[in-house]
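*Asks:* Sharing a structure, written as structure tokens. Questions coming.
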Amino acid sequence: MAEIQLFAGCLAQTFFPQAGEAVQLVLGRLGLKVRRINDAFCCGQMAFNDGLRKEATTLARRLLGAVDPALPVVLPSGSCTAMIRVFYSDLLCGQPELAQMAQRIRPQVFEFSEYLTQVLKVTDVGARFESTVAYHPSCHLTRELRVTNGPLDLLKSVRGLSLREFEKSEECCGFGGLFSVKFPHISAAMLEDKIARVSASGAKTLVSCDLGCLMHIGGGLHRRRLGIETRHLAEVLAGR
Amino acid sequence: MMRPPEAESFFADSRKAVGDTDLRRKLEGAVGRHLEQVEIVAGAFPQYEQEKVAARRIKEEAISRLPELLEQLRRNLEAKGARVFFAGDAAEARNYIVDLGRKNAVKLAVKGKSMATEEIELNHALQGAGIEVVETDLGEYIVQLRGERPSHIITPAIHLSKEDVGKLFEQKLAAPYTNVPEELTVVARARLREKFLAADMGVVGANFAVAETGSIVLVENEGNGRLTTSLPEVVVAVMGIEKVIPRASDLSHFMEILGRTATGQKLTTYVNFVNGVRRAGELDGPRELHVVILDNGRSQMLADPVLREALYCLRCGACLNVCPVFRRIGGHAYGTTYPGPIGSIISPSLVHEGQAGHLAFASTLCGACKDICPVKIDIPRILLHLRWRATEGDIAVKWPQAAHRVRTGAKLTARLFAAPSLMRALSRAASVLLRPFARDGYLSWLPPPFNGWTQSRDFPLFGGTGNRVAGAKSAPVEAGNTGSGPTGSRDAGQRHDPEAHETEQAHQ
Ligand code: SF4
């Protein structure tokens with residue numbers, strides 16, 4: 001049986017255990033053996049994005065040490081995947097040994113939907129999910145990893161699911177990690193527009209491949225009591 | 001004079017701007033229409049991508065050969081009777097032009113659209129020397145009448161509606177009120193004609209300067225650039241050192257992309273070549289032509305291997321239009337000459353705006369700017385680089401206390417993240433302690449420094465919001481009865497799926 005490693009990341013490990021569980025379930029049903037990386041907590045993006053390179057390097061070192069370079073790594077997050085694949089080379093440019101480790105695992109690191117559609121070449125995982133769904137294409141997934149159609153193809157194959165488009169779906173939700181607390185007024189203005197567009201679509205569930213966006217939009221939806229729930233793509237694909 | 005762009009004022013001004021619904025409506029309308037047009041025109045041009053790559057290559061070449069090309073440009077300009085002045089900073093550039101005005105007894109200077117002259121705050125200096133300065137680009141003319149700075153590098157009055165302009169002209173020019181753009185243009189045009197004919201000095205910027213031929217190239221839509229460079233006796237062009245390109249043939253690539261990306265035009269209405277002073281037998285053109293080549297911090301950018309890419313910028317303004325932050329706060333809130341993504345990466349290096357380091361943090365790094373940039377400048381990467389330099393103390397940022405505390409909190413959190421089992425134990429403890437305060441898995445209040453979050457959103461409870469994934473055999477995941485909906489009851493938050501729970505335990 002083929003084996004993969006699952007790195008859930010700091011948000012899943014702190015707030016959204018269900019996302020990691022769902023990835024495990026979906027990949028397990030496809031016949032993969034899933035080994036969780038438990039000896040690392042965070043890819044370092046939050047720190048790196050705030051200029052805290054020392055802290056970010058410590059986290060990257062820990063993660064690189066916990067990864068078995070012989071096996072693929074799957075993450076339920078476009079932005080953590082982008083961090084490892086795109087930004088580690090900048091973060092680790094002064095650390096040849098770590099940079100080399102990062103270089104070695106780079107071709108083996110995949111965002112969840114990307115792994116399903118581009119590596120396993122699966123778009124129908126046999127899921128059922130009764131809801132009207134809008135999909136939020138997260139920024140790093142779309143513009144750093146160029147993963148655009150895969151998640152939609154996966155959603156279209158889910159039974160019982162009706163997909164709704166919404167206006168300017170590719171615009172950032174305003175999360176931006178610490179940006180959301182450092183510049184809360186700008187972040188809130190972006191969120192407000194995102195929520196208005198999602199809610200105008202008539203969707204009852206908002207789906208994304210990034211927990212940061214889901215935490216942000218989900219928090220905004222909950223505050224407004226709009227009756228729209230948020231789900232990671234894997235949770236939808238785990239539905240039966 | 002402009003206030004130094006400090007973090008404190010950015011917070012105050014951007015807060016005011018997001019609260020100004022009128023401003024936001026105007027911005028969203030204008031920028032949205034603009035972008036639609038850009039998309040249509042770019043979409044209909046199959047060679048767009050290819051031309052962008054070509055343009056990028058030329059910029060790479062030009063910046064890598066900068067000293068040599070500037071020298072060639074100087075030689076060729078001088079051969080055409082122009083005088084060239086290299087200005088180390090804004091003050092040197094200003095003083096040179098003010099002196100020129102004095103020597104030539106200039107009373108009235110007309111200006112074409114130029115961000116470089118905004119950067120050196122030339123208008124203020126000329127007026128201080130008793131010289132009347134009139135902006136002749138319609139948008140610039142409007143903001144000048146209002147005593148404002150441009151709020152966008154291409155469309156300076158994008159923060160105003162046609163009604164605003166109608167009222168302005170009624171007030172300042174005693175013109176009968178109208179909100180019809182064509183009629184407003186006629187009013188401005190009549191005023192500006194008089195000024196063109198009376199001006200003894202013309203000041204312009206430069207979109208490109210061709211080293212091989214010694215030509216200054218101006219791209220515009222109103223013909224004011226052409227009049228400004230052909231009617232007055234003395235003409236000054238102010239350009240950053242990065243505007244030089246090697247060959248005239250390079251222009252074909254830039255012309256294909258600049259209009260499309262900046263304004264959604266296949267080609268701008270005017271492309272002017274300024275080729276030296278008036279020669280014997282010619283009817284127009286200046287008696288004196290001066291070219292001020294401005295450094296003002298640009299060599300510093302050149303010396304930084306990551307930042308130097310910013311020197312490829314064509315000032316097309318596209319990154320402002322797509323930026324979700326710019327679209328919410330407008331240009332003025334930035335407090336810098338160049339607002340938006342490009343402004344946030346270059347302002348800290350521009351000598352008199354050395355305090356703009358906080359702007360690199362005022363971005364979600366969403367990457368929309370990088371995607372639209374016609375010369376593919378990796379703006380998010382440069383923002384990250386500047387954030388790091390600011391953290392190292394290379395760029396000073398005076399954070400307001402709240403933001404400073406967020407940074408301290410982040411540093412602490414990052415350290416905790418380095419200890420996975422401790423982090424997991426802490427989350428479990430937080431989950432138990434905070435559960436009584438949560439409502440369907442969400443908290444509506446966080447303590448400082450993270451209270452900025454809960455001003456407008458709820459925060460998920462540690463350990464999960466209650467959405468659980470059912471195991472393969474047990475109940476299906478049903479939409480609507482878990483999670484954040486108002487129907488999601490407290491029970492949902494406490495519902496435990498034994499199998500999912502087990503999985504979690506097994507891996508701890
Ligand atoms: S950075 Fe790129 S998109 Fe922005 S103004 Fe410069 S050329 Fe245009």
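In the structure tokens, each chain is lettered A, B, ... as it comes, each chain's residues begin at 1, and ligands are numbered from 1 in order of appearance.
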Could you list, as an mmCIF file with N, CA, C and O atoms, in the first residue's frame, the residues of chain A having an atom within 6 Å of chain B when counting only C-alpha atoms?
*Replies:*
data_model
loop_
_atom_site.group_PDB
_atom_site.id
_atom_site.type_symbol
_atom_site.label_atom_id
_atom_site.label_comp_id
_atom_site.auth_asym_id
_atom_site.auth_seq_id
_atom_site.Cartn_x
_atom_site.Cartn_y
_atom_site.Cartn_z
ATOM 1 N N THR A 14 -4.451 23.386 16.031
ATOM 2 C CA THR A 14 -4.965 24.189 17.134
ATOM 3 C C THR A 14 -6.490 24.310 17.096
ATOM 4 O O THR A 14 -7.156 24.196 18.110
ATOM 5 N N PHE A 15 -7.018 24.588 15.900
ATOM 6 C CA PHE A 15 -8.442 24.937 15.846
ATOM 7 C C PHE A 15 -9.310 23.987 15.017
ATOM 8 O O PHE A 15 -10.509 23.918 15.219
ATOM 9 N N PHE A 16 -8.721 23.355 14.022
ATOM 10 C CA PHE A 16 -9.555 22.608 13.083
ATOM 11 C C PHE A 16 -9.099 21.164 12.920
ATOM 12 O O PHE A 16 -8.722 20.747 11.828
ATOM 13 N N GLN A 18 -10.702 18.675 12.595
ATOM 14 C CA GLN A 18 -11.543 17.948 11.629
ATOM 15 C C GLN A 18 -10.964 17.977 10.225
ATOM 16 O O GLN A 18 -11.190 17.053 9.436
ATOM 17 N N ALA A 40 6.199 18.082 14.271
ATOM 18 C CA ALA A 40 6.341 19.492 13.889
ATOM 19 C C ALA A 40 4.956 20.097 13.967
ATOM 20 O O ALA A 40 3.955 19.402 13.798
ATOM 21 N N PHE A 41 4.906 21.400 14.225
ATOM 22 C CA PHE A 41 3.604 22.009 14.472
ATOM 23 C C PHE A 41 3.219 23.018 13.403
ATOM 24 O O PHE A 41 2.058 23.191 13.086
ATOM 25 N N GLY A 51 8.395 38.921 9.094
ATOM 26 C CA GLY A 51 9.807 39.294 9.118
ATOM 27 C C GLY A 51 10.597 38.585 10.208
ATOM 28 O O GLY A 51 11.773 38.857 10.401
ATOM 29 N N LEU A 59 11.283 26.815 13.057
ATOM 30 C CA LEU A 59 10.119 25.988 12.738
ATOM 31 C C LEU A 59 10.351 25.168 11.466
ATOM 32 O O LEU A 59 9.980 23.998 11.400
ATOM 33 N N CYS A 139 -5.676 32.675 -1.898
ATOM 34 C CA CYS A 139 -4.694 33.439 -2.683
ATOM 35 C C CYS A 139 -3.451 32.632 -3.047
ATOM 36 O O CYS A 139 -3.044 32.594 -4.204
ATOM 37 N N GLY A 176 -4.582 37.340 5.666
ATOM 38 C CA GLY A 176 -3.183 37.784 5.662
ATOM 39 C C GLY A 176 -2.433 37.521 6.952
ATOM 40 O O GLY A 176 -1.498 38.246 7.289
ATOM 41 N N VAL A 181 -4.859 41.171 12.488
ATOM 42 C CA VAL A 181 -4.914 41.803 13.814
ATOM 43 C C VAL A 181 -4.120 43.100 13.874
ATOM 44 O O VAL A 181 -4.363 43.959 14.704
ATOM 45 N N LYS A 182 -3.162 43.232 12.969
ATOM 46 C CA LYS A 182 -2.351 44.443 12.990
ATOM 47 C C LYS A 182 -3.074 45.592 12.294
ATOM 48 O O LYS A 182 -2.984 46.734 12.698
ATOM 49 N N PRO A 184 -6.636 45.659 11.630
ATOM 50 C CA PRO A 184 -7.960 45.014 11.669
ATOM 51 C C PRO A 184 -9.006 45.772 10.856
ATOM 52 O O PRO A 184 -9.921 45.155 10.323
ATOM 53 N N GLY A 219 -15.270 33.145 10.976
ATOM 54 C CA GLY A 219 -15.457 34.015 12.135
ATOM 55 C C GLY A 219 -16.371 35.179 11.818
ATOM 56 O O GLY A 219 -17.194 35.599 12.640
ATOM 57 N N GLY A 220 -16.234 35.702 10.598
ATOM 58 C CA GLY A 220 -17.086 36.818 10.166
ATOM 59 C C GLY A 220 -18.523 36.371 9.962
ATOM 60 O O GLY A 220 -19.467 37.056 10.358
ATOM 61 N N HIS A 222 -19.957 33.827 11.397
ATOM 62 C CA HIS A 222 -20.552 33.494 12.690
ATOM 63 C C HIS A 222 -20.977 34.752 13.434
ATOM 64 O O HIS A 222 -22.058 34.815 14.008
ATOM 65 N N ARG A 223 -20.124 35.773 13.395
ATOM 66 C CA ARG A 223 -20.461 37.030 14.062
ATOM 67 C C ARG A 223 -21.765 37.601 13.513
ATOM 68 O O ARG A 223 -22.585 38.144 14.242
ATOM 69 N N ARG A 225 -24.180 35.900 12.127
ATOM 70 C CA ARG A 225 -25.293 34.942 12.231
ATOM 71 C C ARG A 225 -26.015 34.769 10.903
ATOM 72 O O ARG A 225 -27.233 34.904 10.814
ATOM 73 N N GLY A 227 -26.019 32.069 9.002
ATOM 74 C CA GLY A 227 -26.473 30.716 8.683
ATOM 75 C C GLY A 227 -25.678 30.064 7.565
ATOM 76 O O GLY A 227 -26.162 29.168 6.887
ATOM 77 N N ILE A 228 -24.461 30.549 7.346
ATOM 78 C CA ILE A 228 -23.591 29.929 6.345
ATOM 79 C C ILE A 228 -22.434 29.290 7.104
ATOM 80 O O ILE A 228 -21.770 29.959 7.892
ATOM 81 N N GLU A 229 -22.224 28.008 6.887
ATOM 82 C CA GLU A 229 -21.133 27.335 7.597
ATOM 83 C C GLU A 229 -19.897 27.290 6.706
ATOM 84 O O GLU A 229 -19.980 27.475 5.487
ATOM 85 N N GLY A 239 -17.660 13.446 3.223
ATOM 86 C CA GLY A 239 -19.089 13.190 3.443
ATOM 87 C C GLY A 239 -19.568 11.961 2.679
ATOM 88 O O GLY A 239 -19.140 11.710 1.562
ATOM 89 N N ARG A 240 -20.450 11.227 3.309
ATOM 90 C CA ARG A 240 -20.977 10.023 2.646
ATOM 91 C C ARG A 240 -22.493 10.007 2.721
ATOM 92 O O ARG A 240 -23.052 10.516 3.682
#
*Asks:* Just list as a list in words whatever in range 35-210 of chain A DSSP marks as strand (DSSP E or B).
*Replies:*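 Answer for range 35-210 of chain A, restricted to strand (DSSP E or B): Arg35, Arg36, Val73, Val74, Leu75, Val109, Phe110, Glu111, Arg128, Phe129, Glu130, Ser131, Thr132, Val133, Ala134, Tyr135, His136, Arg159, Gly160, Leu161, Ser162, Leu163, Arg164, Thr205, Leu206, Val207 and Ser208 of chain A.
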*Asks:* Neighbouring residues of ligand 1 are defined here as those with any atom at most 9 Å from a ligand atom, counting only C-alpha atoms and all ligand atoms; list them as number ranges by chain.
*Replies:* B: 153-154, 258, 261-262, 310-322, 340-343, 345, 369-379
*Asks:* What separation in Å, quoted to one decimal, exists between CA of Lys103 in chain B and CA of Phe196 in chain B?
*Replies:*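 Going from CA of Lys103 in chain B over to CA of Phe196 in chain B covers 20.3 Å.
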*Asks:* Fewer than 3 positions away in the same chain doesn't count, so skip those; otherwise give me all residues within 6 Å of range 235-242 of chain B, counting only C-alpha atoms, as number ranges by chain.
*Replies:* B: 201-206, 289-295, 311
*Asks:* Keeping only C-alpha atoms, write the selected residues to a file as a PDB file, in the first residue's frame.
*Replies:*
ATOM      1  CA  MET B 201       8.751  76.985 -18.708  1.00  0.00           C
ATOM      2  CA  GLY B 202       7.502  73.453 -19.315  1.00  0.00           C
ATOM      3  CA  VAL B 203       8.149  70.620 -16.886  1.00  0.00           C
ATOM      4  CA  VAL B 204       7.522  66.983 -17.723  1.00  0.00           C
ATOM      5  CA  GLY B 205       8.525  63.535 -16.553  1.00  0.00           C
ATOM      6  CA  ALA B 206       9.643  60.705 -18.804  1.00  0.00           C
ATOM      7  CA  LEU B 289      16.163  71.539 -22.820  1.00  0.00           C
ATOM      8  CA  HIS B 290      17.255  70.197 -19.453  1.00  0.00           C
ATOM      9  CA  VAL B 291      17.110  66.613 -18.336  1.00  0.00           C
ATOM     10  CA  VAL B 292      17.296  65.999 -14.606  1.00  0.00           C
ATOM     11  CA  ILE B 293      18.242  62.411 -13.842  1.00  0.00           C
ATOM     12  CA  LEU B 294      17.193  61.583 -10.332  1.00  0.00           C
ATOM     13  CA  ASP B 295      18.683  59.068  -7.943  1.00  0.00           C
ATOM     14  CA  LEU B 311      13.485  49.392 -10.635  1.00  0.00           C
TER      15      LEU B 311
END
*Asks:* Go through range 213-257 of chain B and collect every residue that DSSP, computed from the backbone, puts in alpha helix (DSSP H); the answer should be as a PyMOL selection string.
*Replies:* chain B and resi 224-230+251-257
*Asks:* Could you check which of A:Arg62, A:His185, A:Arg159, A:His216 is closest to Asp124 in chain A, using only C-alpha atoms?
*Replies:* A:Arg159
*Asks:* To one decimal place, how far is CA of Leu160 in chain B from CA of Pro181 in chain B in Å?
*Replies:* 12.4 Å
*Asks:* Just want the 10 Å neighbourhood of Leu27 in chain A, counted on only C-alpha atoms, with same-chain residues fewer than 5 positions away dropped. Output as a PyMOL selection string.
*Replies:* chain A and resi 3-4+6+22+32-34+74+112+115-116+120+125+234+238
*Asks:* Keeping C-alpha atoms for every residue in the selection just given, could you write it to a file as a compact mmCIF listing (two decimals), in the first residue's frame?
*Replies:*
# COMPACT_ATOMS: atom_id res chain seq x y z
CA GLU A 3 2.15 5.64 1.96
CA ILE A 4 2.01 9.40 2.37
CA LEU A 6 0.12 14.29 6.37
CA ALA A 22 -10.97 14.42 6.89
CA LEU A 32 -3.34 5.11 0.95
CA LYS A 33 -1.61 4.62 4.22
CA VAL A 34 -1.50 8.00 5.96
CA VAL A 74 0.22 16.28 1.80
CA PHE A 112 -4.55 18.18 -0.66
CA TYR A 115 -2.49 15.66 -4.67
CA LEU A 116 -5.89 14.20 -5.48
CA LEU A 120 -3.71 10.47 -7.98
CA VAL A 125 -13.97 10.31 -4.44
CA ALA A 234 -11.58 17.58 2.70
CA ALA A 238 -15.30 12.96 3.45
*Asks:* Give me the residues within 10 Å of Leu161 in chain A as a PDB file with N, CA and C atoms, in the first residue's frame, counting only C-alpha atoms and dropping any in the same chain fewer than 4 places off.
*Replies:*
ATOM      1  N   ALA A 127     -18.002  10.985  -2.792  1.00  0.00           N
ATOM      2  CA  ALA A 127     -18.564  11.692  -1.641  1.00  0.00           C
ATOM      3  C   ALA A 127     -20.010  12.121  -1.884  1.00  0.00           C
ATOM      4  N   ARG A 128     -20.720  12.319  -0.787  1.00  0.00           N
ATOM      5  CA  ARG A 128     -22.049  12.909  -0.831  1.00  0.00           C
ATOM      6  C   ARG A 128     -22.088  14.030   0.205  1.00  0.00           C
ATOM      7  N   PHE A 129     -22.606  15.174  -0.200  1.00  0.00           N
ATOM      8  CA  PHE A 129     -22.686  16.303   0.729  1.00  0.00           C
ATOM      9  C   PHE A 129     -23.874  17.149   0.295  1.00  0.00           C
ATOM     10  N   GLU A 130     -24.909  17.129   1.118  1.00  0.00           N
ATOM     11  CA  GLU A 130     -26.142  17.818   0.718  1.00  0.00           C
ATOM     12  C   GLU A 130     -26.056  19.279   1.125  1.00  0.00           C
ATOM     13  N   SER A 131     -25.679  20.132   0.191  1.00  0.00           N
ATOM     14  CA  SER A 131     -25.693  21.566   0.503  1.00  0.00           C
ATOM     15  C   SER A 131     -25.472  22.386  -0.753  1.00  0.00           C
ATOM     16  N   THR A 132     -25.784  23.656  -0.640  1.00  0.00           N
ATOM     17  CA  THR A 132     -25.457  24.600  -1.693  1.00  0.00           C
ATOM     18  C   THR A 132     -24.118  25.197  -1.301  1.00  0.00           C
ATOM     19  N   VAL A 133     -23.145  25.053  -2.173  1.00  0.00           N
ATOM     20  CA  VAL A 133     -21.772  25.350  -1.786  1.00  0.00           C
ATOM     21  C   VAL A 133     -21.169  26.458  -2.654  1.00  0.00           C
ATOM     22  N   LEU A 155     -15.366  19.246  -6.322  1.00  0.00           N
ATOM     23  CA  LEU A 155     -16.675  19.614  -5.774  1.00  0.00           C
ATOM     24  C   LEU A 155     -17.809  19.217  -6.718  1.00  0.00           C
ATOM     25  N   LYS A 156     -17.559  19.383  -8.022  1.00  0.00           N
ATOM     26  CA  LYS A 156     -18.611  19.072  -8.997  1.00  0.00           C
ATOM     27  C   LYS A 156     -18.970  17.591  -8.986  1.00  0.00           C
ATOM     28  N   SER A 157     -18.025  16.755  -8.525  1.00  0.00           N
ATOM     29  CA  SER A 157     -18.306  15.319  -8.519  1.00  0.00           C
ATOM     30  C   SER A 157     -19.008  14.855  -7.250  1.00  0.00           C
ATOM     31  N   THR A 205     -22.968  26.721   2.448  1.00  0.00           N
ATOM     32  CA  THR A 205     -21.671  26.255   2.921  1.00  0.00           C
ATOM     33  C   THR A 205     -20.583  26.936   2.096  1.00  0.00           C
ATOM     34  N   VAL A 236     -15.823  18.130   3.057  1.00  0.00           N
ATOM     35  CA  VAL A 236     -16.901  17.888   2.102  1.00  0.00           C
ATOM     36  C   VAL A 236     -16.670  16.553   1.395  1.00  0.00           C
TER      37      VAL A 236
END
